[in-house]
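Some notes on the structure that comes next.
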Amino acid sequence: MADKTSLSNAMSSPAGAAVEYHKIGWEPLRLPPRKKSPAGKWKEPRVWSEAEIQAEFSDNSNVGIALGIRSGNLTDIDFDCPEAAELAKIILDTLPSFGRPGSPYSHRITLAELKKGRYTFELPKEVATRLKAARAMLLEVRGTGHQTMFPPSIHPTGERVQWHAGATSVPKAEPGEFLKLCGVIAVLSATAMAYPVVAGQRDEVCMMIAGVLVRAGFDDEMIDDLIECVASLAGDEEAEKRRGKAAATRARIDAGEGAWGLPELCSRLEIEEAEPAFRKWLGSKAPSQKGGSPGRPVIFVQGGNLPSEVDEAEEALLAAGLGVYQRGENLVRVVRLPQSEGDDGVQRPSGALLIHPVSAAWLREKFAISAVWMKYGKEEPYPINPPTEHARALLARVGEWHAPVLRGVVSCPTMRADGTILQDPGYDSASGLLYDPGGVVFPQVPETPTRADAQEAMRVLKKPFREYQLPTPADWSVLLAAVITSVIRRVLPSSPLFAIDAPTAGSGKTLMCEAVGVIASGYKPTIISQGKTPEEDEKRLASILMAGDAVLVIDNCERQLGGDTLCSMLTSEIIASRILGKSEMKQVLTNVLVMATGNNLEVVGDLGRRTLVCRIDTGAERPDQIEHSFELIDEVLADRPRLVVAALTILRAYVVAGKPNRMIPMGSFEGWNLVREALVWLGEEDPAVTRESVIADDPRKNELAELLELWADALGGRSIILAELADEAASSPRSKTAALHQALAERTYKQVFNTRSVGRYLSKNKDRLVGGRVLRCEDDPSGVKRYRLETPGAPPAIDTPF
């Protein structure tokens, strides 16, 4: 066994180092200068004398050590990627290490009686290529029959190999446990290489790592250290925030609840081909075929039969009832989030029901559960694992699947498009919804409720919000509309945005939104913050739609709320959305209830006509210090079944009555108008009246009105091209035309008058009636655009012909 003094002395000279190693009981090997392997035969053991070592090792020799039984079971762990070397600092920190400046900590040594002389931890070639890894080999363990270049040798690069500080005694290791630790290092090294490069999935990936490591037997502190290390190696700027996953994952596993693990990890990182190797390295068995049956069909795999074999696999998969659906352009499944997560401005609670795209790795496992896969051998058929190509072929059959169509997941009863009530758990083919109450028992919704029943239900809905200070009946109506809409949003083609506004922070805006989300789903809604740019907002909204969240809250809006993506997802049933971290576009459903909060919230552009506002005004300077007699969320949770039934009773009563209060629909929200009509039928204010104040307060509209006022004052109804306007402003710098010129410049991105930039701004606002005026644009015979201000209803202005 080596001691600290001996390893320190081993840095003196090649001969001196070889002597010290020989004293320890290791067999030295003379290596040529700057070489890593002996020049001649070295497989036969040699008994050295100290004099022979001094004579044969020159000053420029390199020093090798014969590993394994020739050196007391000395074992070398060679880390072939920097990720493995860094992770070993945590997992194998007690083992002495050496390396060179360009590859520090690349070797560690121990004493182990290995059954084989060499163990390799190498990625499948396709995975290494996909990850653009410098080498497929992550690390290797060498013993008997192998040798390693030791300090103070000179590496072929010209760098000196040296021991690191703290290299003291060489401990013994139990082979099985030691190799498992090496396997964990290899798995986590590959995980670090495949770690998401964009935010949005990192927290979930870290939860999956926790599931793998808890099952591997690591303690919580070690798991958190390793998760932080993986995240840091991958360049995650929030690596420290990824800690804390181990305890929650362990609690779920101990309670027999679901927790993500290796299949999910490989699937999310898109390295499914590596899962068998990972299982081997970790010493874990493949998932048991729970859910299978003795009567499973048999699928024989033969060359040239891929289409028919995939048909058989899909049929068996659907017959097994393993929860596979199609949604848009994806095969999907439904999962419950095992732990709350927050990443890239998106916060989801524990227990949230999410829709996940099916991966090839997950599909292969379910193929194995739903059917027996065989291949013909020379004498008789033999069992095989489902081929990856079959899973990928099924995933590629977009538009040709036979899986049921999933429009969304609901956690409470809801109303179908035909007015009937969905209240039996399971998949409902009529609506395309999966109803999972999560163990909550809901009373039956009355089949034929009366108007009196609906009025009583309205009192039930108002009760939890009784201590809110809402200034007008319209504010109450918007709140009630939000609650009712949350229960039926999945079946509506479109729905307005519900904005919760207040003049002062601390008024309870977010709490109100959380209560609405709890009524609909049983847990707090998904919350996002505004991004720094519209592009960042678009990515966050896209991730919400892909996951199928029930309620979304855009919280604490500090800048103007608007944007094309948000407008489209409110009025269109399906939109094209960019997949997070990829360049491809996917068609996704938009049936999520969208709410937003802010202090004196500004809604701009086309979003104004899509928004209803509930304003809270306590009249207090510090509303956060107002004491309340109860906890809103606790009451809503306790009374949730009654609240859901009340919301549906209101709608059902209105339908049974024959929808007697027909109203002109809000544009783009024809289906949602049912909610509005039912409220007014029961004597509540029309929630749509709040739209008028939103539109009137639109800062962009007011900005345009001011511009048209300047235009009318400067030019009247005269037509003009932008170049002429610029010339007139330059010739009369104090004129009204110059003031208009400056106002147009201020409305461009760089606030400089440029005919192209100003033209783009005017083209977005042409033909828009504001303040009784409208800007017209037409091409003259030469193709140049001329602008003219008109006042509809006024006599046409006389202008010089082109």
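Every chain in the structure tokens has a letter given in the order shown (A, B, ...), and although residue numbers restart at 1 in each chain, ligands are simply numbered from 1 in the order shown.
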- Test item: residues at most 9 Å from range 725-728 of chain A, only C-alpha atoms, excluding those fewer than 4 positions along its chain, as a PyMOL selection string: chain A and resi 720-721+732-733+735+737-738+740-741+753+755
- Task: Write out as JSON, numbers by chain which residues come within 9 Å of range 541-546 of chain A when counting only C-alpha atoms, dropping same-chain ones fewer than 6 positions away.
- Result: {"A": [200, 346, 354, 355, 356, 357, 526, 528, 552, 565, 566, 569, 577, 578, 579, 580, 586, 588, 589, 590, 591, 592]}
- Can you list, as a PyMOL selection string, every residue of range 285-419 of chain A that DSSP puts in alpha helix (DSSP H)? chain A and resi 306-319+360-370+388-395
- Would you list, as number ranges by chain, the residues of range 79-231 of chain A that end up in strand (DSSP E or B) under DSSP run on this structure's backbone? A: 79, 97-100, 103-111, 118-122, 137-142, 147-150, 154, 160, 162-163, 172
Those same residues, written as a short mmCIF file (atom, residue, chain, number, x, y, z; two decimals), in the first residue's frame with C-alpha atoms?
data_model
loop_
_atom_site.label_atom_id
_atom_site.label_comp_id
_atom_site.auth_asym_id
_atom_site.auth_seq_id
_atom_site.Cartn_x
_atom_site.Cartn_y
_atom_site.Cartn_z
CA PHE A 79 -11.22 8.95 -17.63
CA SER A 97 -5.31 10.78 -8.81
CA PHE A 98 -2.83 11.97 -11.38
CA GLY A 99 -2.91 13.67 -14.77
CA ARG A 100 -1.34 16.37 -16.90
CA SER A 103 -6.15 16.60 -18.88
CA PRO A 104 -6.05 16.89 -15.08
CA TYR A 105 -7.42 14.15 -12.83
CA SER A 106 -7.58 11.80 -15.81
CA HIS A 107 -6.50 8.76 -13.75
CA ARG A 108 -7.36 7.39 -10.32
CA ILE A 109 -6.07 4.19 -8.76
CA THR A 110 -7.37 1.62 -6.30
CA LEU A 111 -6.75 -1.99 -5.28
CA ARG A 118 -10.50 -4.52 -18.52
CA TYR A 119 -13.95 -2.94 -18.28
CA THR A 120 -15.05 -0.30 -20.76
CA PHE A 121 -17.81 2.29 -20.49
CA GLU A 122 -18.42 3.32 -24.07
CA MET A 137 -15.22 5.94 -24.67
CA LEU A 138 -16.18 7.67 -21.42
CA LEU A 139 -13.86 5.78 -19.11
CA GLU A 140 -12.21 2.41 -18.73
CA VAL A 141 -11.02 0.31 -15.81
CA ARG A 142 -7.75 -1.59 -16.31
CA GLN A 147 -0.39 -1.26 -17.98
CA THR A 148 -0.57 2.51 -17.50
CA MET A 149 1.94 5.34 -17.85
CA PHE A 150 2.55 6.83 -14.38
CA ILE A 154 6.16 12.99 -20.24
CA ARG A 160 4.44 16.11 -17.56
CA GLN A 162 2.05 14.32 -12.05
CA TRP A 163 0.31 13.29 -8.86
CA LYS A 172 -8.99 -1.35 -1.44
#
- Note on the structure: Correct to one decimal, the distance CA of Gly783 in chain A-CA of Ser719 in chain A is 14.5 Å
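Excluding Glu52 in chain A itself and any same-chain residue fewer than 2 positions from it, the protein and nucleic acid residues within 12 Å of it, counting only C-alpha atoms, are A:Ala15, A:Gly16, A:Ala18, A:Val19, A:His22, A:Pro28, A:Leu29, A:Arg30, A:Arg46, A:Val47, A:Trp48, A:Ser49, A:Glu50, A:Gln54, A:Ala55, A:Glu56, A:Phe57, A:Ser58.
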Take the residues just selected and output them with C-alpha atoms as a CSV table (one decimal), in the first residue's frame.
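Contents of selection04.csv, freshly written:
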chain,number,residue,atom,x,y,z
A,15,ALA,CA,14.6,5.9,-12.1
A,16,GLY,CA,13.8,7.4,-8.7
A,18,ALA,CA,10.4,3.5,-10.5
A,19,VAL,CA,12.4,2.6,-7.4
A,22,HIS,CA,9.0,-1.0,-6.7
A,28,PRO,CA,7.6,-0.8,-13.0
A,29,LEU,CA,7.9,-0.9,-16.8
A,30,ARG,CA,10.4,1.1,-18.8
A,46,ARG,CA,9.9,-9.3,-14.1
A,47,VAL,CA,11.6,-9.2,-10.7
A,48,TRP,CA,13.6,-6.0,-10.6
A,49,SER,CA,16.5,-5.2,-8.4
A,50,GLU,CA,17.0,-1.6,-7.4
A,54,GLN,CA,18.8,2.6,-11.8
A,55,ALA,CA,20.7,1.2,-14.7
A,56,GLU,CA,17.9,0.8,-17.2
A,57,PHE,CA,15.8,3.9,-16.6
A,58,SER,CA,17.4,6.9,-18.2
- Which residue out of A:Ser529, A:Trp711, A:Ala231, A:Thr168 has the minimum interatomic distance to Ser189 in chain A when only C-alpha atoms are used?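 Comparing A:Ser529, A:Trp711, A:Ala231, A:Thr168 against Ser189 in chain A, the winner is A:Ala231.
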Per residue of range 671-693 of chain A within 7 Å of range 465-483 of chain A, record the nearest atom pair and its distance in Å to one decimal, counting only C-alpha atoms, with rows in chain order and ascending residue number, as a Markdown table.
| residue | atom | partner | partner_atom | distance |
| --- | --- | --- | --- | --- |
| A:Val675 | CA | A:Ala481 | CA | 6.4 |
| A:Arg676 | CA | A:Ala481 | CA | 7.0 |
| A:Glu684 | CA | A:Ser477 | CA | 6.1 |
| A:Glu685 | CA | A:Ala474 | CA | 5.1 |
| A:Asp686 | CA | A:Ala474 | CA | 6.4 |
| A:Pro687 | CA | A:Val478 | CA | 5.0 |
| A:Thr690 | CA | A:Ala474 | CA | 6.8 |
- Counting only C-alpha atoms, the residue among A:Pro623, A:His164, A:Val332, A:Arg215 that lies closest to Lys89 in chain A is A:His164
Find the residues near range 221-226 of chain A: any atom within 9 Å, counting only C-alpha atoms, skip ones fewer than 3 places away on the same chain, and give them as a PDB file with N, CA and C atoms, in the first residue's frame.
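Saved file part-v9.pdb follows:
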ATOM      1  N   LEU A  87     -16.708  14.420 -12.309  1.00  0.00           N
ATOM      2  CA  LEU A  87     -17.657  13.674 -11.480  1.00  0.00           C
ATOM      3  C   LEU A  87     -16.949  12.746 -10.509  1.00  0.00           C
ATOM      4  N   ILE A  90     -16.239  13.729  -6.967  1.00  0.00           N
ATOM      5  CA  ILE A  90     -17.294  13.571  -5.975  1.00  0.00           C
ATOM      6  C   ILE A  90     -17.473  12.111  -5.593  1.00  0.00           C
ATOM      7  N   ILE A  91     -17.503  11.230  -6.593  1.00  0.00           N
ATOM      8  CA  ILE A  91     -17.835   9.826  -6.343  1.00  0.00           C
ATOM      9  C   ILE A  91     -16.629   9.016  -5.889  1.00  0.00           C
ATOM     10  N   LEU A 188     -23.647   9.664 -15.825  1.00  0.00           N
ATOM     11  CA  LEU A 188     -23.774  11.104 -15.582  1.00  0.00           C
ATOM     12  C   LEU A 188     -22.915  11.914 -16.548  1.00  0.00           C
ATOM     13  N   ILE A 209     -32.640  12.708 -13.097  1.00  0.00           N
ATOM     14  CA  ILE A 209     -31.338  12.276 -12.556  1.00  0.00           C
ATOM     15  C   ILE A 209     -31.499  11.854 -11.110  1.00  0.00           C
ATOM     16  N   ALA A 210     -32.278  12.621 -10.346  1.00  0.00           N
ATOM     17  CA  ALA A 210     -32.509  12.266  -8.943  1.00  0.00           C
ATOM     18  C   ALA A 210     -33.151  10.901  -8.831  1.00  0.00           C
ATOM     19  N   LEU A 213     -30.490   8.221  -9.365  1.00  0.00           N
ATOM     20  CA  LEU A 213     -29.500   8.118  -8.292  1.00  0.00           C
ATOM     21  C   LEU A 213     -30.103   7.614  -6.980  1.00  0.00           C
ATOM     22  N   VAL A 214     -31.364   7.981  -6.707  1.00  0.00           N
ATOM     23  CA  VAL A 214     -32.016   7.424  -5.511  1.00  0.00           C
ATOM     24  C   VAL A 214     -32.109   5.912  -5.636  1.00  0.00           C
ATOM     25  N   PHE A 218     -27.670   6.156  -3.624  1.00  0.00           N
ATOM     26  CA  PHE A 218     -26.897   7.284  -3.110  1.00  0.00           C
ATOM     27  C   PHE A 218     -27.711   8.054  -2.070  1.00  0.00           C
ATOM     28  N   CYS A 229     -23.254  19.228 -10.133  1.00  0.00           N
ATOM     29  CA  CYS A 229     -22.051  19.049 -10.956  1.00  0.00           C
ATOM     30  C   CYS A 229     -22.426  18.830 -12.419  1.00  0.00           C
ATOM     31  N   VAL A 230     -23.410  17.971 -12.689  1.00  0.00           N
ATOM     32  CA  VAL A 230     -23.848  17.718 -14.066  1.00  0.00           C
ATOM     33  C   VAL A 230     -24.336  19.015 -14.709  1.00  0.00           C
ATOM     34  N   ALA A 231     -25.184  19.747 -13.981  1.00  0.00           N
ATOM     35  CA  ALA A 231     -25.718  20.994 -14.518  1.00  0.00           C
ATOM     36  C   ALA A 231     -24.607  21.998 -14.792  1.00  0.00           C
ATOM     37  N   ARG A 242     -30.560  23.720  -8.862  1.00  0.00           N
ATOM     38  CA  ARG A 242     -31.063  22.383  -9.200  1.00  0.00           C
ATOM     39  C   ARG A 242     -30.999  21.426  -8.017  1.00  0.00           C
ATOM     40  N   ARG A 243     -30.459  21.885  -6.902  1.00  0.00           N
ATOM     41  CA  ARG A 243     -30.376  21.028  -5.723  1.00  0.00           C
ATOM     42  C   ARG A 243     -31.766  20.853  -5.103  1.00  0.00           C
ATOM     43  N   GLY A 244     -31.874  19.882  -4.184  1.00  0.00           N
ATOM     44  CA  GLY A 244     -33.109  19.690  -3.445  1.00  0.00           C
ATOM     45  C   GLY A 244     -34.066  18.698  -4.063  1.00  0.00           C
ATOM     46  N   LYS A 245     -33.670  18.066  -5.167  1.00  0.00           N
ATOM     47  CA  LYS A 245     -34.560  17.130  -5.839  1.00  0.00           C
ATOM     48  C   LYS A 245     -34.575  15.750  -5.169  1.00  0.00           C
ATOM     49  N   ALA A 246     -33.485  15.393  -4.461  1.00  0.00           N
ATOM     50  CA  ALA A 246     -33.328  14.029  -3.963  1.00  0.00           C
ATOM     51  C   ALA A 246     -34.372  13.671  -2.918  1.00  0.00           C
TER      52      ALA A 246
END
- Taking only C-alpha atoms into account, which of A:Val689, A:Leu593, A:Ala417, A:Leu123 comes nearest Val655 in chain A?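 Among A:Val689, A:Leu593, A:Ala417, A:Leu123, it is A:Ala417 that comes nearest to Val655 in chain A.
The closest residue to Ala274 in chain A, picked from A:Asn62, A:Pro124, A:Ile484, A:Ile527 and counting only C-alpha atoms, is A:Pro124.
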